[in-house]
Each structure stands twice: as C-alpha cells, then as structure tokens.
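Before any comments, here is the structure.
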Amino acid sequence: MSTKLSISRNIANELGIPLKDSKLFLDNFLLILKKESKVKKVKLSGFGTFYKHITPNRIGRNPKTLESYIIKPAKKLIFKASVKTKETLN
C-alpha cells in the first residue's frame, strides 16, 4: 500500500526536488480534486478519470437485530483508470 508520504518521496526522487516541495505539490493536487465540486468529472489524459457520484437513499439492516433503517445519500469519488494505466499495471 502506498501512503501520501511514500508517493511524495517517489515524486521527490523522480523530479530531484526536496521532499517538502513534493508534499506541497501532492497536497495541492488532492485539494484541487476536492474543490472541483461543480465539475462532475476530472480527466487526466493517459492516467484516468475521477467521477463524482451521489449514492441514492437505500435501506440498511442491522444484522444482529434485523432492524431496518434508511441510509442517507453520500458523495463519492470514483476513479476509472485509462487504457494506458491498465496496460502498465497488467
């Protein structure tokens, strides 16, 4: 599993920049993805697309008591890898 720190280290090593700068770069990139709330998708050519999806109301059930309740809608960020990324991984 990769963490933000390990990704930042890889960026710093690949680009030859200080770790502090690569952390700042990664944090700002993730912040931009979060802030793009008015846009339904963010496409990074050759890497993949981030989609925003709102799950509908649904019925949940406590398995122990079998009591039903309504699960409220939630916002989710879904990633779909591009063909190039899939080829690299496989």
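In the structure tokens, each chain is lettered A, B, ... as it comes, each chain's residues begin at 1, and ligands are numbered from 1 in order of appearance.
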Practice item. Compile the contact shell of range 18-25 of chain A as an MDAnalysis selection string: residues with an atom at most 10 Å away, counting only C-alpha atoms, same-chain residues fewer than 2 positions apart removed. Key: chainID A and resid 4:13 15:16 27:31
Check your understanding: Contacts of His53 in chain A at 10 Å or less, counting only C-alpha atoms, minus same-chain residues fewer than 3 places along, as a PyMOL selection string?
Key -> chain A and resi 40-41+50+56+73-78
Export C-alpha atoms of the chosen residues as a compact mmCIF listing (two decimals), in the first residue's frame?
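Generated output (result23.txt):
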# COMPACT_ATOMS: atom_id res chain seq x y z
CA LYS A 40 -18.78 16.11 -12.46
CA LYS A 41 -15.51 14.62 -13.70
CA PHE A 50 -12.20 10.91 -11.38
CA PRO A 56 -29.22 7.23 -3.55
CA PRO A 73 -27.23 9.77 0.20
CA ALA A 74 -23.44 10.13 0.22
CA LYS A 75 -20.98 11.80 -2.13
CA LYS A 76 -18.28 9.51 -3.50
CA LEU A 77 -15.26 9.97 -5.73
CA ILE A 78 -14.82 7.14 -8.21
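With only C-alpha atoms as the atoms that count, the residue of A:Leu44, A:Ile17, A:Ile32, A:Leu26 with the shortest distance to Lys80 in chain A is A:Leu44.
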Practice item. Extract the full set of helix (DSSP H, G or I) residues from chain A according to DSSP on the backbone, and format it as number ranges by chain. Key: A: 4-15, 19-35, 83-89
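Listed by chain and then by rising number, the residues of range 26-75 of chain A that DSSP assigns to strand (DSSP E) from the backbone are Lys41, Val42, Lys43, Leu44, Gly48, Thr49, Phe50, Tyr51, Lys52, His53, Ile54, Arg58, Ile59, Gly60, Arg61, Ser68, Tyr69, Ile70, Ile71 and Lys75 of chain A.
For Ile71 in chain A, the non-local neighbours within 6 Å, defined as residues at least 5 positions apart in the same chain or in other chains and counting only C-alpha atoms, are Asn57, Arg58 and Ile59 of chain A.
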Write a file of the selected residues as an mmCIF file, in the first residue's frame, keeping N, CA and C atoms.
data_model
loop_
_atom_site.group_PDB
_atom_site.id
_atom_site.type_symbol
_atom_site.label_atom_id
_atom_site.label_comp_id
_atom_site.auth_asym_id
_atom_site.auth_seq_id
_atom_site.Cartn_x
_atom_site.Cartn_y
_atom_site.Cartn_z
ATOM 1 N N ASN A 57 -30.711 7.189 -1.627
ATOM 2 C CA ASN A 57 -31.213 6.646 -0.357
ATOM 3 C C ASN A 57 -31.353 5.145 -0.515
ATOM 4 N N ARG A 58 -31.028 4.408 0.528
ATOM 5 C CA ARG A 58 -31.218 2.961 0.467
ATOM 6 C C ARG A 58 -31.513 2.432 1.866
ATOM 7 N N ILE A 59 -32.020 1.235 1.904
ATOM 8 C CA ILE A 59 -32.378 0.630 3.179
ATOM 9 C C ILE A 59 -31.209 -0.218 3.671
#
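Distances from A:Gly46, A:Lys35, A:Arg61, A:Leu66 to Thr85 in chain A were compared using only C-alpha atoms, and the smallest one belongs to A:Gly46.
The space separating CA of Glu87 in chain A from CA of Ser2 in chain A comes to 19.7 Å.
Candidate residues A:Ser68, A:Asn62, A:Leu33, A:Ser82 were compared for distance to Thr49 in chain A, and the nearest is A:Ser82, using only C-alpha atoms.
The smallest atom-to-atom distance between Ser45 in chain A and any of A:Glu14, A:Thr88, A:Thr3, A:Val83, using only C-alpha atoms, is found for A:Val83.
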